[in-house]
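Take a look at the structure set out below.
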Amino acid sequence: MSEMQWPCTDPRPDPSADAAGRHRIAVLALPGVPPFELGIPSRVFGSVLDAGSRPLYEVTVCTADGAPVLSDAGFTVQPAAGPEALAAADTVIVPPTHAMPELGRGGPLPPEVTAAIAGIRPGTRLVSICTGSYVLAAAGLLDGRPATTHWNLAPEFRRAYPRVKVDEEVLFVDDGDVLTSAGVAAGVDLCLHMIRRDHGAAAANRAARMCVVPPWRDGGQAQYIDRPVPEPTVATTTATRAWALEHLGEPLSLNRLAEHARMSLRSFTRRFRDEVGMTPVQWLTAQRLELAKQLLETTDLSIDLVAHRCGFGSANSLRAHMRTAFGVSPASYRRTFHTDDPVEAGV
């Protein structure tokens with residue numbers, strides 16, 4: 001799944017919540033967990049507040065048996081809970097582990113991890129960060145499903161779990177109730193995507209600002225896999241992309257973009273794909289859709305005017321693109337995510 005997709009007609013799931021209305025997230029810390037990845041969910045989801053500055057998510061770090069685990073940085077992680085947190089969660093997130101090499105050979109999970117995962121309620125949203133995908137795969141939860149993991153381990157992952165449809169070219173895969181991300185910082189991208197799915201682009205943008213990260217990486221869904229790095233003297237498309245973002249409402253043909261970059265059409269198209277991981281047309285469509293979502297959430301502009309400001313030309317064109325990308329119409333998206341408190345789009 002090379003493009004991010006909304007999994008269903010309703011752009012926002014209807015998660016259960018605690019008594020305070022918060023979506024409950026359990027983060028399963030396993031032996032050998034990297035501290036950075038372990039901390040991503042608490043930091044990102046902890047930045048999401050409602051209009052009254054109340055948290056919308058409750059994040060709990062737990063272990064399979066309630067006992068402390070040793071991180072791969074050499075210090076011990078003292079969990080707040082045991083497997084009961086997994087059983088009560090609306091979303092379970094599994095960060096990577098560097099202490100279970102047997103999983104790389106398709107080996108079994110430790111009994112206590114198997115028992116803890118078996119206690120997760122049906123319908124719970126399951127998420128992995130980086131090689132946390134090995135844990136979900138070993139539990140049989142990724143069989144027949146699209147997923148991703150760190151690009152460097154994709155060949156090993158395929159050998160160990162041939163039933164999983166692994167795609168190492170993307171930052172994350174959203175398969176509805178099961179989501180997987182690539183290495184390290186891609187976990188941040190996935191968490192922001194989940195916030196966007198749950199509460200809209202404005203909420204994800206606010207969380208990104210608080211974490212001082214981009215709400216949507218310029219490279220879209222492409223992983224930073226091992227490719228040749230252009231020489232510093234080689235022309236890039238960076239300035240043209242920045243210019244295009246300021247002119248999304250205008251006709252932006254490939255020829256016009258190439259002329260702005262002072263490249264031939266062939267060179268521009270090749271360089272753009274090398275740098276961004278998608279074609280100029282795919283990138284433009286993604287940026288226009290992001291702008292459309294922001295305008296639908298934060299303004300009362302008509303659908304026709306939103307379409308024109310985003311460069312889609314007509315409301316029918318915007319409807320077709322949003323249904324293809326997200327499975328919803330502009331009007332449905334606005335009803336779900338519109339706020340009376342306009343939020344600036346940038347970080």
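Naming scheme: A, B, ... for chains in displayed order of the structure tokens; residues 1 onward per chain; ligands 1 onward as shown.
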Residues within 6 Å of stretch 129-139 of chain A, only C-alpha atoms, excluding chain neighbours under 4 positions, as a list of chain:residue names: A:Val94, A:Pro95, A:Pro96, A:Thr149, A:His150, A:Ser181, A:Ala182, A:Gly183, A:Gly187
How about saving the chosen residues, all heavy atoms kept, as a PDB file, in the first residue's frame?
```pdb
ATOM      1  N   VAL A  94       2.978  -1.759  19.711  1.00  0.00           N
ATOM      2  CA  VAL A  94       4.131  -2.605  20.019  1.00  0.00           C
ATOM      3  C   VAL A  94       5.393  -1.977  19.423  1.00  0.00           C
ATOM      4  O   VAL A  94       5.598  -2.027  18.213  1.00  0.00           O
ATOM      5  CB  VAL A  94       3.952  -4.032  19.459  1.00  0.00           C
ATOM      6  CG1 VAL A  94       5.124  -4.913  19.890  1.00  0.00           C
ATOM      7  CG2 VAL A  94       2.630  -4.632  19.922  1.00  0.00           C
ATOM      8  N   PRO A  95       6.235  -1.353  20.251  1.00  0.00           N
ATOM      9  CA  PRO A  95       7.524  -0.861  19.762  1.00  0.00           C
ATOM     10  C   PRO A  95       8.460  -2.039  19.464  1.00  0.00           C
ATOM     11  O   PRO A  95       8.151  -3.197  19.797  1.00  0.00           O
ATOM     12  CB  PRO A  95       8.053  -0.023  20.940  1.00  0.00           C
ATOM     13  CG  PRO A  95       6.884   0.186  21.838  1.00  0.00           C
ATOM     14  CD  PRO A  95       6.010  -1.020  21.650  1.00  0.00           C
ATOM     15  N   PRO A  96       9.621  -1.788  18.859  1.00  0.00           N
ATOM     16  CA  PRO A  96      10.525  -2.891  18.527  1.00  0.00           C
ATOM     17  C   PRO A  96      11.180  -3.505  19.754  1.00  0.00           C
ATOM     18  O   PRO A  96      11.155  -2.945  20.852  1.00  0.00           O
ATOM     19  CB  PRO A  96      11.574  -2.221  17.627  1.00  0.00           C
ATOM     20  CG  PRO A  96      11.507  -0.774  17.980  1.00  0.00           C
ATOM     21  CD  PRO A  96      10.102  -0.496  18.363  1.00  0.00           C
ATOM     22  N   THR A 149       7.955  -2.762   7.625  1.00  0.00           N
ATOM     23  CA  THR A 149       8.927  -2.836   8.711  1.00  0.00           C
ATOM     24  C   THR A 149      10.150  -2.062   8.251  1.00  0.00           C
ATOM     25  O   THR A 149      10.121  -1.428   7.189  1.00  0.00           O
ATOM     26  CB  THR A 149       9.259  -4.311   9.053  1.00  0.00           C
ATOM     27  OG1 THR A 149      10.002  -4.357  10.280  1.00  0.00           O
ATOM     28  CG2 THR A 149      10.054  -4.970   7.934  1.00  0.00           C
ATOM     29  N   HIS A 150      11.215  -2.074   9.015  1.00  0.00           N
ATOM     30  CA  HIS A 150      12.417  -1.367   8.584  1.00  0.00           C
ATOM     31  C   HIS A 150      12.919  -1.944   7.269  1.00  0.00           C
ATOM     32  O   HIS A 150      13.027  -3.167   7.106  1.00  0.00           O
ATOM     33  CB  HIS A 150      13.508  -1.489   9.654  1.00  0.00           C
ATOM     34  CG  HIS A 150      14.644  -0.526   9.460  1.00  0.00           C
ATOM     35  ND1 HIS A 150      15.570  -0.664   8.454  1.00  0.00           N
ATOM     36  CD2 HIS A 150      14.984   0.591  10.145  1.00  0.00           C
ATOM     37  CE1 HIS A 150      16.446   0.325   8.523  1.00  0.00           C
ATOM     38  NE2 HIS A 150      16.096   1.106   9.546  1.00  0.00           N
ATOM     39  N   SER A 181       4.473   0.518  10.999  1.00  0.00           N
ATOM     40  CA  SER A 181       5.344   1.598  10.520  1.00  0.00           C
ATOM     41  C   SER A 181       6.741   1.072  10.270  1.00  0.00           C
ATOM     42  O   SER A 181       7.129   0.009  10.756  1.00  0.00           O
ATOM     43  CB  SER A 181       5.400   2.745  11.535  1.00  0.00           C
ATOM     44  OG  SER A 181       6.258   2.436  12.613  1.00  0.00           O
ATOM     45  N   ALA A 182       7.494   1.847   9.520  1.00  0.00           N
ATOM     46  CA  ALA A 182       8.883   1.523   9.237  1.00  0.00           C
ATOM     47  C   ALA A 182       9.753   1.935  10.430  1.00  0.00           C
ATOM     48  O   ALA A 182       9.254   2.094  11.548  1.00  0.00           O
ATOM     49  CB  ALA A 182       9.320   2.223   7.954  1.00  0.00           C
ATOM     50  N   GLY A 183      11.031   2.120  10.202  1.00  0.00           N
ATOM     51  CA  GLY A 183      11.970   2.316  11.295  1.00  0.00           C
ATOM     52  C   GLY A 183      11.897   3.657  11.997  1.00  0.00           C
ATOM     53  O   GLY A 183      11.636   4.695  11.389  1.00  0.00           O
ATOM     54  N   GLY A 187       7.623   5.909  13.170  1.00  0.00           N
ATOM     55  CA  GLY A 187       6.636   5.745  14.225  1.00  0.00           C
ATOM     56  C   GLY A 187       5.948   7.054  14.562  1.00  0.00           C
ATOM     57  O   GLY A 187       4.755   7.079  14.889  1.00  0.00           O
TER      58      GLY A 187
END
```
I'd like a table as a Markdown table: residues in stretch 170-277 of chain A with an atom no more than 12 Å from stretch 282-292 of chain A, each row giving the shortest atom pair and its distance in Å to one decimal, only C-alpha atoms counted, sorted by chain and rising residue number.
```
| residue | atom | partner | partner_atom | distance |
| --- | --- | --- | --- | --- |
| A:Arg196 | CA | A:Glu290 | CA | 10.8 |
| A:Gly200 | CA | A:Glu290 | CA | 10.6 |
| A:Ala201 | CA | A:Glu290 | CA | 7.9 |
| A:Ala202 | CA | A:Glu290 | CA | 10.4 |
| A:Ala204 | CA | A:Glu290 | CA | 11.7 |
| A:Asn205 | CA | A:Glu290 | CA | 11.0 |
| A:Pro215 | CA | A:Glu290 | CA | 10.3 |
| A:Trp216 | CA | A:Glu290 | CA | 9.0 |
| A:Arg217 | CA | A:Gln287 | CA | 10.9 |
| A:Asp218 | CA | A:Trp283 | CA | 8.9 |
| A:Gly219 | CA | A:Trp283 | CA | 8.7 |
| A:Gly220 | CA | A:Trp283 | CA | 7.5 |
| A:Gln221 | CA | A:Trp283 | CA | 10.1 |
| A:Ala222 | CA | A:Trp283 | CA | 11.3 |
| A:Thr240 | CA | A:Leu284 | CA | 11.6 |
| A:Arg241 | CA | A:Leu284 | CA | 9.0 |
| A:Ala242 | CA | A:Gln287 | CA | 11.1 |
| A:Trp243 | CA | A:Leu284 | CA | 11.7 |
| A:Ala244 | CA | A:Leu284 | CA | 8.2 |
| A:Leu245 | CA | A:Gln287 | CA | 7.5 |
| A:Glu246 | CA | A:Gln287 | CA | 10.7 |
| A:His247 | CA | A:Arg288 | CA | 10.2 |
| A:Leu248 | CA | A:Arg288 | CA | 6.5 |
| A:Gly249 | CA | A:Arg288 | CA | 8.3 |
| A:Glu250 | CA | A:Arg288 | CA | 10.8 |
| A:Pro251 | CA | A:Leu284 | CA | 10.7 |
| A:Leu252 | CA | A:Leu284 | CA | 8.5 |
| A:Ser253 | CA | A:Leu284 | CA | 10.0 |
| A:Leu254 | CA | A:Leu284 | CA | 10.3 |
| A:Leu257 | CA | A:Leu284 | CA | 10.7 |
| A:Thr269 | CA | A:Gln282 | CA | 11.6 |
| A:Phe272 | CA | A:Trp283 | CA | 9.5 |
| A:Arg273 | CA | A:Trp283 | CA | 9.5 |
| A:Glu275 | CA | A:Trp283 | CA | 11.4 |
| A:Val276 | CA | A:Trp283 | CA | 8.1 |
| A:Gly277 | CA | A:Trp283 | CA | 9.0 |
```
Contact residues around A:Ile93 with only C-alpha atoms at 8 Å, ignoring same-chain residues under 4 positions, as number ranges by chain: A: 25-28, 41, 126-129
Serialized selection, N, CA and C atoms, as a CSV table (one decimal), in the first residue's frame:
```
chain,number,residue,atom,x,y,z
A,25,ILE,N,-4.7,3.9,25.2
A,25,ILE,CA,-3.6,3.3,24.4
A,25,ILE,C,-2.6,2.6,25.4
A,26,ALA,N,-2.4,1.3,25.1
A,26,ALA,CA,-1.4,0.5,25.8
A,26,ALA,C,-0.2,0.3,25.0
A,27,VAL,N,1.0,0.6,25.5
A,27,VAL,CA,2.3,0.5,24.8
A,27,VAL,C,3.0,-0.7,25.4
A,28,LEU,N,3.2,-1.8,24.7
A,28,LEU,CA,3.8,-3.0,25.2
A,28,LEU,C,5.3,-2.9,25.1
A,41,PRO,N,4.8,7.0,21.4
A,41,PRO,CA,3.4,7.2,21.6
A,41,PRO,C,3.0,8.1,22.8
A,126,LEU,N,-4.5,-2.4,16.5
A,126,LEU,CA,-3.2,-2.9,16.7
A,126,LEU,C,-2.2,-2.2,15.9
A,127,VAL,N,-1.1,-1.8,16.5
A,127,VAL,CA,-0.1,-1.0,15.8
A,127,VAL,C,1.3,-1.5,16.2
A,128,SER,N,2.2,-1.4,15.2
A,128,SER,CA,3.6,-1.7,15.5
A,128,SER,C,4.5,-0.6,15.0
A,129,ILE,N,5.6,-0.4,15.7
A,129,ILE,CA,6.6,0.6,15.3
A,129,ILE,C,7.9,-0.2,14.9
```
Per-residue DSSP, stretch 87-330 of chain A, filtered to alpha helix (DSSP H), as a PyMOL selection string: chain A and resi 87-88+111-118+132-138+154-160+186-199+201-211+238-245+254-261+265-276+280-298+303-310+315-326+330
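Of all the residues in stretch 151-332 of chain A, the ones DSSP labels as strand (DSSP E) from the backbone are Lys165, Val166, Phe172, Val173, Asp174, Val178, Leu179, Thr180 and Ser181 of chain A.
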Closest of A:His193, A:Arg105, A:Arg125, A:Arg54 to A:Tyr161 - atom-to-atom distances counting only C-alpha atoms: A:Arg105
Distance in Å - atom CA of A:Leu153 versus atom CA of A:Gly176: 23.7 Å
Contact residues around A:Phe172 with only C-alpha atoms at 8 Å, ignoring same-chain residues under 5 positions, as a list of chain:residue names: A:Met4, A:Ala147, A:Thr148, A:Leu179, A:Thr180, A:Ser181, A:Ala182, A:Ala186, A:Asp189, A:Leu190, A:Gln221
Could those residues be written to a file, using N, CA, C and O atoms, as a PDB file, in the first residue's frame?
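Writing the result to part_10.pdb gives the following:
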```pdb
ATOM      1  N   MET A   4      -1.186   6.427   1.535  1.00  0.00           N
ATOM      2  CA  MET A   4      -1.942   6.338   2.759  1.00  0.00           C
ATOM      3  C   MET A   4      -3.423   6.287   2.429  1.00  0.00           C
ATOM      4  O   MET A   4      -3.916   7.074   1.635  1.00  0.00           O
ATOM      5  N   ALA A 147       1.709  -4.912   5.242  1.00  0.00           N
ATOM      6  CA  ALA A 147       2.434  -4.398   6.409  1.00  0.00           C
ATOM      7  C   ALA A 147       3.782  -3.883   5.955  1.00  0.00           C
ATOM      8  O   ALA A 147       4.227  -4.129   4.835  1.00  0.00           O
ATOM      9  N   THR A 148       4.450  -3.162   6.848  1.00  0.00           N
ATOM     10  CA  THR A 148       5.808  -2.719   6.568  1.00  0.00           C
ATOM     11  C   THR A 148       6.658  -2.917   7.810  1.00  0.00           C
ATOM     12  O   THR A 148       6.159  -3.209   8.905  1.00  0.00           O
ATOM     13  N   LEU A 179      -2.112  -1.413  11.911  1.00  0.00           N
ATOM     14  CA  LEU A 179      -1.243  -0.425  11.284  1.00  0.00           C
ATOM     15  C   LEU A 179       0.197  -0.738  11.639  1.00  0.00           C
ATOM     16  O   LEU A 179       0.504  -1.113  12.791  1.00  0.00           O
ATOM     17  N   THR A 180       1.093  -0.598  10.675  1.00  0.00           N
ATOM     18  CA  THR A 180       2.513  -0.893  10.896  1.00  0.00           C
ATOM     19  C   THR A 180       3.350   0.248  10.338  1.00  0.00           C
ATOM     20  O   THR A 180       2.983   0.849   9.325  1.00  0.00           O
ATOM     21  N   SER A 181       4.473   0.518  10.999  1.00  0.00           N
ATOM     22  CA  SER A 181       5.344   1.598  10.520  1.00  0.00           C
ATOM     23  C   SER A 181       6.741   1.072  10.270  1.00  0.00           C
ATOM     24  O   SER A 181       7.129   0.009  10.756  1.00  0.00           O
ATOM     25  N   ALA A 182       7.494   1.847   9.520  1.00  0.00           N
ATOM     26  CA  ALA A 182       8.883   1.523   9.237  1.00  0.00           C
ATOM     27  C   ALA A 182       9.753   1.935  10.430  1.00  0.00           C
ATOM     28  O   ALA A 182       9.254   2.094  11.548  1.00  0.00           O
ATOM     29  N   ALA A 186       9.589   6.884  11.602  1.00  0.00           N
ATOM     30  CA  ALA A 186       8.328   6.574  10.927  1.00  0.00           C
ATOM     31  C   ALA A 186       7.231   6.291  11.948  1.00  0.00           C
ATOM     32  O   ALA A 186       6.045   6.418  11.636  1.00  0.00           O
ATOM     33  N   ASP A 189       5.479   9.476  12.325  1.00  0.00           N
ATOM     34  CA  ASP A 189       4.572   9.693  11.191  1.00  0.00           C
ATOM     35  C   ASP A 189       3.281   8.902  11.372  1.00  0.00           C
ATOM     36  O   ASP A 189       2.185   9.416  11.102  1.00  0.00           O
ATOM     37  N   LEU A 190       3.399   7.653  11.819  1.00  0.00           N
ATOM     38  CA  LEU A 190       2.217   6.818  11.985  1.00  0.00           C
ATOM     39  C   LEU A 190       1.321   7.353  13.102  1.00  0.00           C
ATOM     40  O   LEU A 190       0.093   7.391  12.963  1.00  0.00           O
ATOM     41  N   GLN A 221       5.231   9.027   1.488  1.00  0.00           N
ATOM     42  CA  GLN A 221       5.262   7.711   2.076  1.00  0.00           C
ATOM     43  C   GLN A 221       6.568   6.967   1.825  1.00  0.00           C
ATOM     44  O   GLN A 221       6.696   5.819   2.205  1.00  0.00           O
TER      45      GLN A 221
END
```
Report as a short mmCIF file (atom, residue, chain, number, x, y, z; two decimals) with all heavy atoms, in the first residue's frame all protein, DNA and RNA residues lying within 12 Å of A:Thr60, evaluated on only C-alpha atoms, omitting residues in the same chain fewer than 3 positions from it.
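Result file follows (selection.cif):
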```cif
data_model
loop_
_atom_site.label_atom_id
_atom_site.label_comp_id
_atom_site.auth_asym_id
_atom_site.auth_seq_id
_atom_site.Cartn_x
_atom_site.Cartn_y
_atom_site.Cartn_z
N HIS A 23 -9.34 8.08 24.66
CA HIS A 23 -9.03 6.84 23.98
C HIS A 23 -7.84 6.20 24.69
O HIS A 23 -6.80 6.83 24.89
CB HIS A 23 -8.68 7.16 22.52
CG HIS A 23 -8.39 5.97 21.67
ND1 HIS A 23 -9.36 5.38 20.89
CD2 HIS A 23 -7.26 5.27 21.45
CE1 HIS A 23 -8.83 4.37 20.23
NE2 HIS A 23 -7.55 4.27 20.56
N ARG A 24 -7.98 4.93 25.06
CA ARG A 24 -6.95 4.27 25.87
C ARG A 24 -5.94 3.55 24.98
O ARG A 24 -6.29 2.69 24.19
CB ARG A 24 -7.61 3.27 26.82
CG ARG A 24 -8.47 3.94 27.88
CD ARG A 24 -9.37 2.95 28.58
NE ARG A 24 -10.36 2.38 27.66
CZ ARG A 24 -11.43 1.71 28.06
NH1 ARG A 24 -11.66 1.53 29.35
NH2 ARG A 24 -12.28 1.22 27.18
N ILE A 25 -4.67 3.91 25.16
CA ILE A 25 -3.58 3.31 24.39
C ILE A 25 -2.65 2.58 25.35
O ILE A 25 -2.18 3.16 26.34
CB ILE A 25 -2.78 4.37 23.62
CG1 ILE A 25 -3.68 5.06 22.59
CG2 ILE A 25 -1.57 3.76 22.93
CD1 ILE A 25 -3.00 6.19 21.84
N ALA A 26 -2.38 1.32 25.06
CA ALA A 26 -1.41 0.54 25.83
C ALA A 26 -0.19 0.31 24.96
O ALA A 26 -0.29 -0.14 23.82
CB ALA A 26 -2.01 -0.79 26.26
N VAL A 27 0.98 0.65 25.50
CA VAL A 27 2.25 0.47 24.79
C VAL A 27 2.98 -0.71 25.43
O VAL A 27 3.33 -0.65 26.61
CB VAL A 27 3.11 1.74 24.86
CG1 VAL A 27 4.40 1.56 24.04
CG2 VAL A 27 2.34 2.95 24.35
N LEU A 28 3.18 -1.77 24.66
CA LEU A 28 3.78 -2.99 25.20
C LEU A 28 5.30 -2.92 25.13
O LEU A 28 5.89 -3.01 24.05
CB LEU A 28 3.27 -4.21 24.43
CG LEU A 28 3.85 -5.57 24.84
CD1 LEU A 28 3.56 -5.86 26.30
CD2 LEU A 28 3.30 -6.67 23.94
N ALA A 29 5.94 -2.75 26.28
CA ALA A 29 7.41 -2.71 26.35
C ALA A 29 7.93 -4.13 26.52
O ALA A 29 7.61 -4.81 27.50
CB ALA A 29 7.86 -1.83 27.52
N LEU A 38 10.02 3.56 22.28
CA LEU A 38 9.10 3.36 23.39
C LEU A 38 8.41 4.66 23.78
O LEU A 38 7.23 4.68 24.13
CB LEU A 38 9.85 2.79 24.60
CG LEU A 38 9.03 2.60 25.89
CD1 LEU A 38 7.90 1.60 25.68
CD2 LEU A 38 9.93 2.17 27.03
N GLY A 39 9.14 5.77 23.69
CA GLY A 39 8.59 7.05 24.13
C GLY A 39 7.73 7.76 23.10
O GLY A 39 7.04 8.73 23.44
N PRO A 41 4.84 7.05 21.41
CA PRO A 41 3.39 7.18 21.61
C PRO A 41 3.02 8.14 22.75
O PRO A 41 2.11 8.97 22.60
CB PRO A 41 2.94 5.74 21.94
CG PRO A 41 3.97 4.88 21.28
CD PRO A 41 5.26 5.63 21.46
N SER A 42 3.73 8.05 23.88
CA SER A 42 3.42 8.94 25.00
C SER A 42 3.62 10.39 24.63
O SER A 42 2.81 11.26 24.97
CB SER A 42 4.30 8.58 26.21
OG SER A 42 4.02 7.27 26.66
N ARG A 43 4.69 10.66 23.89
CA ARG A 43 5.01 12.04 23.54
C ARG A 43 4.03 12.60 22.51
O ARG A 43 3.52 13.72 22.66
CB ARG A 43 6.44 12.14 22.99
CG ARG A 43 6.91 13.56 22.72
CD ARG A 43 7.03 14.32 24.04
NE ARG A 43 7.36 15.72 23.82
CZ ARG A 43 6.45 16.68 23.67
NH1 ARG A 43 5.17 16.38 23.70
NH2 ARG A 43 6.80 17.92 23.49
N PHE A 45 0.91 11.27 21.30
CA PHE A 45 -0.50 11.25 21.68
C PHE A 45 -0.75 12.12 22.91
O PHE A 45 -1.85 12.65 23.08
CB PHE A 45 -0.97 9.82 21.94
CG PHE A 45 -1.10 9.00 20.69
CD1 PHE A 45 -0.17 8.02 20.38
CD2 PHE A 45 -2.15 9.21 19.81
CE1 PHE A 45 -0.27 7.27 19.23
CE2 PHE A 45 -2.27 8.46 18.64
CZ PHE A 45 -1.32 7.49 18.34
N GLY A 46 0.26 12.27 23.75
CA GLY A 46 0.11 13.13 24.92
C GLY A 46 0.00 14.60 24.58
O GLY A 46 -0.35 15.42 25.42
N TYR A 57 -6.20 11.33 24.71
CA TYR A 57 -5.67 9.97 24.79
C TYR A 57 -5.09 9.73 26.17
O TYR A 57 -4.49 10.63 26.78
CB TYR A 57 -4.58 9.74 23.74
CG TYR A 57 -5.04 9.83 22.31
CD1 TYR A 57 -4.95 11.03 21.61
CD2 TYR A 57 -5.54 8.71 21.63
CE1 TYR A 57 -5.36 11.12 20.28
CE2 TYR A 57 -5.94 8.79 20.31
CZ TYR A 57 -5.85 9.99 19.64
OH TYR A 57 -6.25 10.08 18.33
N THR A 63 4.03 -4.09 30.47
CA THR A 63 4.82 -5.24 30.04
C THR A 63 3.94 -6.48 30.04
O THR A 63 2.82 -6.46 30.58
CB THR A 63 6.04 -5.46 30.95
OG1 THR A 63 5.59 -5.66 32.30
CG2 THR A 63 7.00 -4.28 30.89
N GLN A 78 10.45 0.59 34.14
CA GLN A 78 9.47 0.20 35.15
C GLN A 78 8.08 0.48 34.59
O GLN A 78 7.69 1.63 34.42
CB GLN A 78 9.67 0.98 36.44
CG GLN A 78 8.65 0.66 37.53
CD GLN A 78 8.76 -0.78 38.02
OE1 GLN A 78 9.83 -1.22 38.43
NE2 GLN A 78 7.64 -1.49 37.98
N PRO A 79 7.29 -0.54 34.25
CA PRO A 79 5.99 -0.29 33.62
C PRO A 79 4.97 0.22 34.62
O PRO A 79 5.08 -0.01 35.82
CB PRO A 79 5.60 -1.67 33.09
CG PRO A 79 6.22 -2.62 34.07
CD PRO A 79 7.54 -1.98 34.46
N ALA A 80 3.95 0.89 34.09
CA ALA A 80 2.85 1.35 34.92
C ALA A 80 1.81 0.25 35.12
O ALA A 80 0.97 0.35 36.01
CB ALA A 80 2.19 2.57 34.29
N ALA A 81 1.86 -0.79 34.28
CA ALA A 81 0.83 -1.84 34.35
C ALA A 81 1.36 -3.12 33.73
O ALA A 81 2.45 -3.16 33.15
CB ALA A 81 -0.44 -1.38 33.64
N GLY A 82 0.56 -4.16 33.85
CA GLY A 82 0.87 -5.46 33.25
C GLY A 82 -0.09 -5.74 32.11
O GLY A 82 -0.65 -4.81 31.50
N PRO A 83 -0.35 -7.01 31.81
CA PRO A 83 -1.18 -7.36 30.65
C PRO A 83 -2.62 -6.89 30.75
O PRO A 83 -3.32 -6.83 29.74
CB PRO A 83 -1.10 -8.89 30.63
CG PRO A 83 -0.71 -9.29 32.03
CD PRO A 83 0.17 -8.19 32.51
N GLU A 84 -3.06 -6.54 31.95
CA GLU A 84 -4.43 -6.04 32.08
C GLU A 84 -4.65 -4.75 31.28
O GLU A 84 -5.77 -4.45 30.85
CB GLU A 84 -4.79 -5.82 33.55
CG GLU A 84 -4.09 -4.65 34.24
CD GLU A 84 -2.66 -4.98 34.69
OE1 GLU A 84 -2.21 -6.11 34.48
OE2 GLU A 84 -2.03 -4.07 35.28
N ALA A 85 -3.57 -3.98 31.08
CA ALA A 85 -3.68 -2.75 30.29
C ALA A 85 -3.97 -3.08 28.82
O ALA A 85 -4.69 -2.34 28.15
CB ALA A 85 -2.40 -1.93 30.40
N LEU A 86 -3.41 -4.19 28.33
CA LEU A 86 -3.68 -4.60 26.96
C LEU A 86 -5.15 -4.98 26.80
O LEU A 86 -5.79 -4.67 25.79
CB LEU A 86 -2.78 -5.78 26.56
CG LEU A 86 -1.27 -5.56 26.62
CD1 LEU A 86 -0.55 -6.85 26.26
CD2 LEU A 86 -0.85 -4.45 25.67
N ALA A 88 -7.66 -3.87 28.39
CA ALA A 88 -8.57 -2.72 28.53
C ALA A 88 -8.38 -1.68 27.43
O ALA A 88 -9.15 -0.72 27.34
CB ALA A 88 -8.36 -2.07 29.90
N ALA A 89 -7.36 -1.84 26.59
CA ALA A 89 -6.98 -0.80 25.64
C ALA A 89 -7.90 -0.75 24.43
O ALA A 89 -8.47 -1.76 24.01
CB ALA A 89 -5.54 -1.01 25.18
N ASP A 90 -8.01 0.45 23.85
CA ASP A 90 -8.67 0.65 22.57
C ASP A 90 -7.67 0.53 21.43
O ASP A 90 -8.03 0.18 20.31
CB ASP A 90 -9.33 2.03 22.52
CG ASP A 90 -10.25 2.26 23.70
OD1 ASP A 90 -11.16 1.44 23.91
OD2 ASP A 90 -10.04 3.25 24.44
N THR A 91 -6.42 0.85 21.73
CA THR A 91 -5.31 0.71 20.77
C THR A 91 -4.12 0.11 21.51
O THR A 91 -3.79 0.55 22.61
CB THR A 91 -4.90 2.07 20.17
OG1 THR A 91 -5.97 2.58 19.37
CG2 THR A 91 -3.65 1.93 19.29
N VAL A 92 -3.48 -0.89 20.91
CA VAL A 92 -2.26 -1.48 21.46
C VAL A 92 -1.13 -1.19 20.50
O VAL A 92 -1.22 -1.46 19.30
CB VAL A 92 -2.40 -3.00 21.66
CG1 VAL A 92 -1.05 -3.62 22.00
CG2 VAL A 92 -3.41 -3.30 22.78
N ILE A 93 -0.04 -0.61 21.02
CA ILE A 93 1.13 -0.28 20.20
C ILE A 93 2.30 -1.12 20.66
O ILE A 93 2.60 -1.18 21.86
CB ILE A 93 1.48 1.23 20.30
CG1 ILE A 93 0.29 2.07 19.82
CG2 ILE A 93 2.73 1.54 19.50
CD1 ILE A 93 0.52 3.57 19.90
#
```
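Residues lying within 8 Å of A:Asp175, counting only C-alpha atoms and ignoring same-chain neighbours fewer than 2 positions away, are Pro7, Arg145, Pro146, Ala147, Val173, Asp177, Val178 and Leu179 of chain A.
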Just C-alpha atoms for this one: save the residues we selected as a compact mmCIF listing (two decimals), in the first residue's frame.
```
# COMPACT_ATOMS: atom_id res chain seq x y z
CA PRO A 7 -9.79 2.31 5.87
CA ARG A 145 -2.37 -8.45 5.37
CA PRO A 146 -0.24 -5.61 3.99
CA ALA A 147 2.43 -4.40 6.41
CA VAL A 173 0.70 0.98 6.21
CA ASP A 177 -7.57 -2.08 12.46
CA VAL A 178 -3.91 -3.06 12.00
CA LEU A 179 -1.24 -0.43 11.28
```
For A:Val113: contacts at 7 Å, only C-alpha atoms, fewer than 4 positions along chain excluded, given as a count of residues only: 3
For A:Asp174, the nearest of the candidates A:His98, A:Thr336, A:Phe326, A:Gln294, counting only C-alpha atoms: A:Phe326
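Candidate residues A:Cys191, A:Ser317, A:Arg197, A:Pro35 were compared for distance to A:Val213, and the nearest is A:Cys191, using only C-alpha atoms.
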Atom CA of A:Thr237 to atom CA of A:Phe268, straight-line distance in Å: 7.4 Å
Atom CA of A:Leu142 to atom CA of A:Leu171, straight-line distance in Å: 17.0 Å
